[in-house]
Structure formats: structure tokens, C-alpha cells
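Undergrad: Quick one, start-v2.pdb (PDB, C-alpha atoms):
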ATOM      1  CA  MET A1049     -39.652 -20.691   1.274
ATOM      2  CA  ARG A1050     -40.478 -17.032   1.739
ATOM      3  CA  GLN A1051     -41.887 -15.209  -1.284
ATOM      4  CA  ILE A1052     -42.018 -11.425  -1.485
ATOM      5  CA  PRO A1053     -44.441  -9.840  -3.988
ATOM      6  CA  VAL A1054     -42.841  -7.081  -6.087
ATOM      7  CA  ASP A1055     -44.941  -4.042  -7.010
ATOM      8  CA  THR A1056     -44.210  -3.065 -10.616
ATOM      9  CA  SER A1057     -46.929  -0.418 -10.965
ATOM     10  CA  ALA A1058     -44.523   2.552 -10.733
ATOM     11  CA  ALA A1059     -41.671   0.898 -12.661
ATOM     12  CA  ILE A1060     -40.563   1.003 -16.267
ATOM     13  CA  VAL A1061     -39.634  -2.497 -17.409
ATOM     14  CA  MET A1062     -37.964  -3.334 -20.736
ATOM     15  CA  VAL A1063     -36.343  -6.446 -22.172
ATOM     16  CA  ALA A1064     -32.552  -6.355 -21.760
ATOM     17  CA  LYS A1065     -31.915  -9.831 -23.216
ATOM     18  CA  THR A1066     -34.321 -12.018 -25.166
ATOM     19  CA  PRO A1067     -35.819 -15.083 -23.450
ATOM     20  CA  GLN A1068     -33.555 -18.109 -23.127
ATOM     21  CA  LEU A1069     -34.306 -21.635 -21.939
ATOM     22  CA  LYS A1070     -33.258 -22.019 -18.311
ATOM     23  CA  VAL A1071     -30.663 -24.763 -17.913
ATOM     24  CA  ARG A1072     -30.938 -26.800 -14.733
ATOM     25  CA  ASP A1073     -27.660 -28.685 -15.116
ATOM     26  CA  ARG A1074     -24.927 -27.174 -17.284
ATOM     27  CA  ARG A1075     -22.969 -30.436 -17.419
ATOM     28  CA  THR A1076     -25.852 -32.425 -18.944
ATOM     29  CA  GLY A1077     -27.748 -29.584 -20.631
ATOM     30  CA  GLU A1078     -30.926 -30.540 -18.740
ATOM     31  CA  ILE A1079     -33.610 -27.858 -19.136
ATOM     32  CA  ALA A1080     -35.368 -26.607 -15.974
ATOM     33  CA  VAL A1081     -39.107 -27.292 -15.706
ATOM     34  CA  ASP A1082     -41.838 -25.999 -13.418
ATOM     35  CA  ALA A1083     -42.363 -28.509 -10.604
ATOM     36  CA  GLU A1084     -46.165 -28.055 -10.630
ATOM     37  CA  THR A1085     -46.996 -27.823 -14.345
ATOM     38  CA  GLY A1086     -44.035 -29.434 -16.085
ATOM     39  CA  ALA A1087     -43.705 -26.395 -18.394
ATOM     40  CA  LYS A1088     -40.198 -25.503 -19.576
ATOM     41  CA  LEU A1089     -38.759 -22.509 -17.735
ATOM     42  CA  MET A1090     -37.327 -19.490 -19.499
ATOM     43  CA  THR A1091     -35.086 -16.683 -18.258
ATOM     44  CA  VAL A1092     -35.728 -13.118 -19.404
ATOM     45  CA  ASP A1093     -33.311 -10.343 -18.404
ATOM     46  CA  VAL A1094     -35.164  -7.063 -17.921
ATOM     47  CA  MET A1095     -34.194  -3.488 -17.149
ATOM     48  CA  PHE A1096     -36.218  -2.504 -14.086
ATOM     49  CA  ALA A1097     -36.309   1.267 -13.502
ATOM     50  CA  ALA A1098     -38.010   2.675 -10.387
ATOM     51  CA  ASN A1099     -37.314   5.386  -7.820
ATOM     52  CA  GLU A1100     -34.561   6.890 -10.000
ATOM     53  CA  GLU A1101     -32.611   3.608  -9.940
ATOM     54  CA  VAL A1102     -32.100   1.052 -12.704
ATOM     55  CA  GLU A1103     -31.217  -2.623 -12.287
ATOM     56  CA  ILE A1104     -30.974  -5.601 -14.605
ATOM     57  CA  LEU A1105     -33.044  -8.469 -13.217
ATOM     58  CA  SER A1106     -33.031 -12.029 -14.452
ATOM     59  CA  VAL A1107     -36.637 -13.260 -14.243
ATOM     60  CA  THR A1108     -37.687 -16.893 -14.508
ATOM     61  CA  VAL A1109     -41.032 -17.475 -16.225
ATOM     62  CA  PRO A1110     -42.769 -20.566 -17.635
ATOM     63  CA  GLU A1111     -42.504 -20.823 -21.435
ATOM     64  CA  THR A1112     -46.315 -20.622 -21.589
ATOM     65  CA  GLY A1113     -46.197 -17.230 -19.822
ATOM     66  CA  ILE A1114     -44.229 -15.456 -22.552
ATOM     67  CA  SER A1115     -46.377 -13.499 -24.975
ATOM     68  CA  GLY A1116     -45.648 -11.094 -27.780
ATOM     69  CA  GLU A1117     -42.346 -10.228 -29.432
ATOM     70  CA  LEU A1118     -39.741  -9.815 -26.684
ATOM     71  CA  ALA A1119     -36.821  -8.214 -28.524
ATOM     72  CA  MET A1120     -34.248  -6.094 -26.696
ATOM     73  CA  GLY A1121     -35.757  -2.753 -25.637
ATOM     74  CA  THR A1122     -39.385  -3.956 -25.766
ATOM     75  CA  PRO A1123     -41.478  -2.545 -22.895
ATOM     76  CA  VAL A1124     -43.081  -5.394 -20.932
ATOM     77  CA  ALA A1125     -45.436  -6.121 -18.056
ATOM     78  CA  LEU A1126     -44.409  -8.626 -15.392
ATOM     79  CA  THR A1127     -47.436 -10.455 -14.014
ATOM     80  CA  GLY A1128     -47.175 -11.968 -10.545
ATOM     81  CA  LEU A1129     -43.540 -10.974  -9.976
ATOM     82  CA  ILE A1130     -42.086 -12.313  -6.726
ATOM     83  CA  ALA A1131     -38.649 -12.223  -5.141
ATOM     84  CA  ARG A1132     -37.237 -15.209  -3.255
ATOM     85  CA  PRO A1133     -34.109 -14.883  -1.120
ATOM     86  CA  TRP A1134     -31.773 -17.877  -1.463
ATOM     87  CA  GLU A1135     -28.605 -19.149   0.145
ATOM     88  CA  ASN A1136     -26.403 -22.176  -0.493
ATOM     89  CA  GLU A1137     -22.942 -23.503   0.110
ATOM     90  CA  PHE A1138     -20.688 -24.535  -2.775
ATOM     91  CA  ASN A1139     -17.096 -25.749  -2.313
ATOM     92  CA  GLY A1140     -17.091 -24.429   1.237
ATOM     93  CA  GLN A1141     -18.241 -20.939   0.287
ATOM     94  CA  ARG A1142     -21.614 -19.530   1.290
ATOM     95  CA  ARG A1143     -23.476 -17.754  -1.493
ATOM     96  CA  HIS A1144     -26.724 -15.838  -1.379
ATOM     97  CA  GLY A1145     -28.936 -13.691  -3.569
ATOM     98  CA  ILE A1146     -32.461 -12.981  -4.711
ATOM     99  CA  ALA A1147     -34.247 -15.000  -7.398
ATOM    100  CA  PHE A1148     -37.085 -13.375  -9.362
ATOM    101  CA  ARG A1149     -40.005 -15.319 -10.808
ATOM    102  CA  ALA A1150     -43.078 -14.150 -12.733
ATOM    103  CA  VAL A1151     -46.223 -15.870 -13.934
ATOM    104  CA  ALA A1152     -45.996 -14.033 -17.263
ATOM    105  CA  VAL A1153     -43.929 -11.545 -19.267
ATOM    106  CA  THR A1154     -46.102  -9.695 -21.775
ATOM    107  CA  SER A1155     -44.995  -7.318 -24.522
ATOM    108  CA  LEU A1156     -46.467  -3.807 -24.279
ATOM    109  CA  ALA A1157     -45.137  -2.798 -27.706
ATOM    110  CA  VAL A1158     -47.589  -1.082 -30.036
ATOM    111  CA  ALA A1159     -48.318  -2.929 -33.272
ATOM    112  CA  GLY A1160     -46.123  -2.124 -36.281
ATOM    113  CA  PRO A1161     -46.766   0.514 -39.007
ATOM    114  CA  ALA A1162     -49.090  -1.750 -41.041
ATOM    115  CA  ALA A1163     -51.459  -2.056 -38.093
ATOM    116  CA  GLN A1164     -51.293   1.687 -37.382
ATOM    117  CA  ALA A1165     -52.287   2.559 -40.969
ATOM    118  CA  ALA A1166     -55.569   0.645 -40.665
TER     119      ALA A1166
END
What would you get if you wrote out this structure as C-alpha cells?

TA:
Amino acid sequence: MRQIPVDTSAAIVMVAKTPQLKVRDRRTGEIAVDAETGAKLMTVDVMFAANEEVEILSVTVPETGISGELAMGTPVALTGLIARPWENEFNGQRRHGIAFRAVAVTSLAVAGPAAQAA
């Protein structure tokens, strides 16, 4: 499958929704796992602002790749972000989109007031 690297160097990225476990099958509640490592997969919605445009992206990341407090509004870095076009057919209707995946989502928030006083 084609993978397109996404340059985030000129973007502002903030958490729009806290990380959630990615569900593979909604009927059974089965949690999605990385095919290579077996790590649970998480979904983090982020606000991605670049070139005077803002979008909300849903990024899949292994649970082991989430670091720091990722509350809503927290600035983050997306390591190894790629975009993958996808297409499928469901009930006779063709659907398509772009899936985003990152190796890691890391908080860029400065430490709290106690740490700043030191």
C-alpha cells in the first residue's frame, strides 16, 4: 500500500480529543493491534494548522508511542506521520479516504508551575 510522508515542520499541532483505544470490530469490542509489534493501537484526534488552513485529523499510533499528558489543547509533535489513501466497498457503496498513522505523539507542553519555580 502506498504511504505518503507528511511534513509537520511548519504546522501547529494540538490535541483535539484525548487518546482512545482503537476498536477493530464494534460488534465484538475487539481492540486493534499493530500487526508487527502486537501493541494496542490508539486514536488521537489533533488540530493540524498549516498554510492558513486548519483540519482535524484522526491519527492512529501504537499505545507505546504516546508520551506526556495529552489533554485537549496540548501542543504535540507527530513523529513519523504518514498518510495512506484507502478505498473499500460496503453494502454496494464505494467509500474512500485518507488514514493517518504516526510512530509517536509527544506532548510539547511546558512543565507545570511547580517545575517552573525551581

Undergrad: Would you pick out the contacts of range 1111-1122 of chain A at 9 Å or less, using only C-alpha atoms, so that residues sharing its chain but fewer than 6 positions from it are not included, and give the list as a list in words?

TA: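 In the requested form, the answer reads Val1061, Met1062, Val1063, Ala1064, Lys1065, Thr1066, Pro1067, Leu1069, Ala1087, Lys1088, Leu1089, Met1090, Val1092, Val1094, Met1095, Ala1150, Val1151, Ala1152, Val1153, Thr1154, Ser1155, Leu1156 and Ala1157 of chain A.
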
Undergrad: How many Å lie between CA of Ala1131 in chain A and CA of His1144 in chain A, rounded to one decimal?

TA: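 According to the coordinates, CA of Ala1131 in chain A and CA of His1144 in chain A are separated by 13.0 Å.
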
Undergrad: Could you tell me how far CA of Glu1103 in chain A sits from CA of Phe1138 in chain A, in Å to one decimal place?

TA: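 Spanning CA of Phe1138 in chain A to CA of Glu1103 in chain A is a straight-line distance of 26.1 Å.
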
Undergrad: Between CA of Val1124 in chain A and CA of Ala1097 in chain A, what distance in Å does the model show, to one decimal?

TA: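 These two atoms are separated by 12.1 Å.
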
Undergrad: At most 10 Å from (-31.8, -18.0, -10.2), file frame, only C-alpha atoms: which residues, as a list in words?

TA: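 It turns out the residues near that spot are Lys1070, Arg1072, Thr1091, Ser1106, Val1107, Thr1108, Arg1132, Pro1133, Trp1134, Gly1145, Ile1146, Ala1147, Phe1148 and Arg1149 of chain A.
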
Undergrad: Enclose all atoms of range 1122-1129 of chain A listed in the file in an axis-aligned box, grow every side by 5 Å, and hand back centre and edge lengths in Å to one decimal, as lines of an AutoDock Vina configuration file.

TA:
center_x = -43.4
center_y = -7.3
center_z = -17.9
size_x = 18.1
size_y = 19.4
size_z = 25.8

Undergrad: Please return range 1090-1101 of chain A, rebuilt to all heavy atoms, as a PDB file, in the coordinates of the input.

TA:
ATOM      1  N   MET A1090     -38.115 -20.425 -18.715  1.00  0.00           N
ATOM      2  CA  MET A1090     -37.327 -19.490 -19.499  1.00  0.00           C
ATOM      3  C   MET A1090     -36.743 -18.442 -18.555  1.00  0.00           C
ATOM      4  O   MET A1090     -37.284 -18.190 -17.476  1.00  0.00           O
ATOM      5  CB  MET A1090     -38.203 -18.785 -20.536  1.00  0.00           C
ATOM      6  CG  MET A1090     -38.980 -19.707 -21.452  1.00  0.00           C
ATOM      7  SD  MET A1090     -37.948 -20.574 -22.619  1.00  0.00           S
ATOM      8  CE  MET A1090     -37.542 -19.265 -23.761  1.00  0.00           C
ATOM      9  N   THR A1091     -35.667 -17.805 -18.982  1.00  0.00           N
ATOM     10  CA  THR A1091     -35.086 -16.683 -18.258  1.00  0.00           C
ATOM     11  C   THR A1091     -35.134 -15.470 -19.179  1.00  0.00           C
ATOM     12  O   THR A1091     -34.716 -15.551 -20.333  1.00  0.00           O
ATOM     13  CB  THR A1091     -33.626 -16.974 -17.871  1.00  0.00           C
ATOM     14  OG1 THR A1091     -33.597 -18.145 -17.061  1.00  0.00           O
ATOM     15  CG2 THR A1091     -33.026 -15.826 -17.087  1.00  0.00           C
ATOM     16  N   VAL A1092     -35.670 -14.367 -18.656  1.00  0.00           N
ATOM     17  CA  VAL A1092     -35.728 -13.118 -19.404  1.00  0.00           C
ATOM     18  C   VAL A1092     -35.023 -12.059 -18.558  1.00  0.00           C
ATOM     19  O   VAL A1092     -35.410 -11.822 -17.414  1.00  0.00           O
ATOM     20  CB  VAL A1092     -37.187 -12.673 -19.666  1.00  0.00           C
ATOM     21  CG1 VAL A1092     -37.212 -11.386 -20.486  1.00  0.00           C
ATOM     22  CG2 VAL A1092     -37.979 -13.764 -20.350  1.00  0.00           C
ATOM     23  N   ASP A1093     -33.977 -11.444 -19.101  1.00  0.00           N
ATOM     24  CA  ASP A1093     -33.311 -10.343 -18.404  1.00  0.00           C
ATOM     25  C   ASP A1093     -34.054  -9.067 -18.750  1.00  0.00           C
ATOM     26  O   ASP A1093     -34.308  -8.792 -19.931  1.00  0.00           O
ATOM     27  CB  ASP A1093     -31.847 -10.229 -18.824  1.00  0.00           C
ATOM     28  CG  ASP A1093     -31.002 -11.378 -18.299  1.00  0.00           C
ATOM     29  OD1 ASP A1093     -31.518 -12.188 -17.494  1.00  0.00           O
ATOM     30  OD2 ASP A1093     -29.829 -11.473 -18.684  1.00  0.00           O
ATOM     31  N   VAL A1094     -34.433  -8.308 -17.716  1.00  0.00           N
ATOM     32  CA  VAL A1094     -35.164  -7.063 -17.921  1.00  0.00           C
ATOM     33  C   VAL A1094     -34.461  -5.907 -17.225  1.00  0.00           C
ATOM     34  O   VAL A1094     -33.779  -6.086 -16.220  1.00  0.00           O
ATOM     35  CB  VAL A1094     -36.627  -7.152 -17.412  1.00  0.00           C
ATOM     36  CG1 VAL A1094     -37.409  -8.201 -18.170  1.00  0.00           C
ATOM     37  CG2 VAL A1094     -36.689  -7.420 -15.922  1.00  0.00           C
ATOM     38  N   MET A1095     -34.631  -4.716 -17.803  1.00  0.00           N
ATOM     39  CA  MET A1095     -34.194  -3.488 -17.149  1.00  0.00           C
ATOM     40  C   MET A1095     -35.375  -3.017 -16.315  1.00  0.00           C
ATOM     41  O   MET A1095     -36.469  -2.817 -16.842  1.00  0.00           O
ATOM     42  CB  MET A1095     -33.837  -2.414 -18.178  1.00  0.00           C
ATOM     43  CG  MET A1095     -33.360  -1.130 -17.521  1.00  0.00           C
ATOM     44  SD  MET A1095     -33.527   0.323 -18.579  1.00  0.00           S
ATOM     45  CE  MET A1095     -35.279   0.589 -18.520  1.00  0.00           C
ATOM     46  N   PHE A1096     -35.169  -2.883 -15.021  1.00  0.00           N
ATOM     47  CA  PHE A1096     -36.218  -2.504 -14.086  1.00  0.00           C
ATOM     48  C   PHE A1096     -35.856  -1.138 -13.536  1.00  0.00           C
ATOM     49  O   PHE A1096     -34.879  -0.998 -12.792  1.00  0.00           O
ATOM     50  CB  PHE A1096     -36.300  -3.539 -12.959  1.00  0.00           C
ATOM     51  CG  PHE A1096     -37.468  -3.398 -12.055  1.00  0.00           C
ATOM     52  CD1 PHE A1096     -38.632  -4.099 -12.294  1.00  0.00           C
ATOM     53  CD2 PHE A1096     -37.412  -2.568 -10.946  1.00  0.00           C
ATOM     54  CE1 PHE A1096     -39.730  -3.988 -11.442  1.00  0.00           C
ATOM     55  CE2 PHE A1096     -38.490  -2.443 -10.092  1.00  0.00           C
ATOM     56  CZ  PHE A1096     -39.654  -3.163 -10.346  1.00  0.00           C
ATOM     57  N   ALA A1097     -36.594  -0.101 -13.933  1.00  0.00           N
ATOM     58  CA  ALA A1097     -36.309   1.267 -13.502  1.00  0.00           C
ATOM     59  C   ALA A1097     -37.422   1.763 -12.589  1.00  0.00           C
ATOM     60  O   ALA A1097     -38.594   1.787 -12.976  1.00  0.00           O
ATOM     61  CB  ALA A1097     -36.179   2.182 -14.706  1.00  0.00           C
ATOM     62  N   ALA A1098     -37.052   2.138 -11.357  1.00  0.00           N
ATOM     63  CA  ALA A1098     -38.010   2.675 -10.387  1.00  0.00           C
ATOM     64  C   ALA A1098     -37.251   3.504  -9.365  1.00  0.00           C
ATOM     65  O   ALA A1098     -36.091   3.207  -9.041  1.00  0.00           O
ATOM     66  CB  ALA A1098     -38.768   1.544  -9.696  1.00  0.00           C
ATOM     67  N   ASN A1099     -37.901   4.530  -8.854  1.00  0.00           N
ATOM     68  CA  ASN A1099     -37.314   5.386  -7.820  1.00  0.00           C
ATOM     69  C   ASN A1099     -35.933   5.918  -8.202  1.00  0.00           C
ATOM     70  O   ASN A1099     -35.019   5.937  -7.393  1.00  0.00           O
ATOM     71  CB  ASN A1099     -37.232   4.629  -6.480  1.00  0.00           C
ATOM     72  CG  ASN A1099     -38.574   4.127  -6.031  1.00  0.00           C
ATOM     73  OD1 ASN A1099     -39.589   4.807  -6.160  1.00  0.00           O
ATOM     74  ND2 ASN A1099     -38.608   2.905  -5.522  1.00  0.00           N
ATOM     75  N   GLU A1100     -35.793   6.318  -9.468  1.00  0.00           N
ATOM     76  CA  GLU A1100     -34.561   6.890 -10.000  1.00  0.00           C
ATOM     77  C   GLU A1100     -33.375   5.925  -9.932  1.00  0.00           C
ATOM     78  O   GLU A1100     -32.221   6.352  -9.878  1.00  0.00           O
ATOM     79  CB  GLU A1100     -34.238   8.207  -9.306  1.00  0.00           C
ATOM     80  CG  GLU A1100     -35.307   9.271  -9.545  1.00  0.00           C
ATOM     81  CD  GLU A1100     -34.935  10.613  -8.968  1.00  0.00           C
ATOM     82  OE1 GLU A1100     -33.740  10.899  -8.794  1.00  0.00           O
ATOM     83  OE2 GLU A1100     -35.865  11.386  -8.705  1.00  0.00           O
ATOM     84  N   GLU A1101     -33.644   4.621  -9.909  1.00  0.00           N
ATOM     85  CA  GLU A1101     -32.611   3.608  -9.940  1.00  0.00           C
ATOM     86  C   GLU A1101     -32.939   2.596 -11.034  1.00  0.00           C
ATOM     87  O   GLU A1101     -34.110   2.347 -11.313  1.00  0.00           O
ATOM     88  CB  GLU A1101     -32.503   2.883  -8.600  1.00  0.00           C
ATOM     89  CG  GLU A1101     -31.995   3.768  -7.484  1.00  0.00           C
ATOM     90  CD  GLU A1101     -31.760   2.992  -6.205  1.00  0.00           C
ATOM     91  OE1 GLU A1101     -31.530   1.771  -6.275  1.00  0.00           O
ATOM     92  OE2 GLU A1101     -31.808   3.604  -5.140  1.00  0.00           O
TER      93      GLU A1101
END
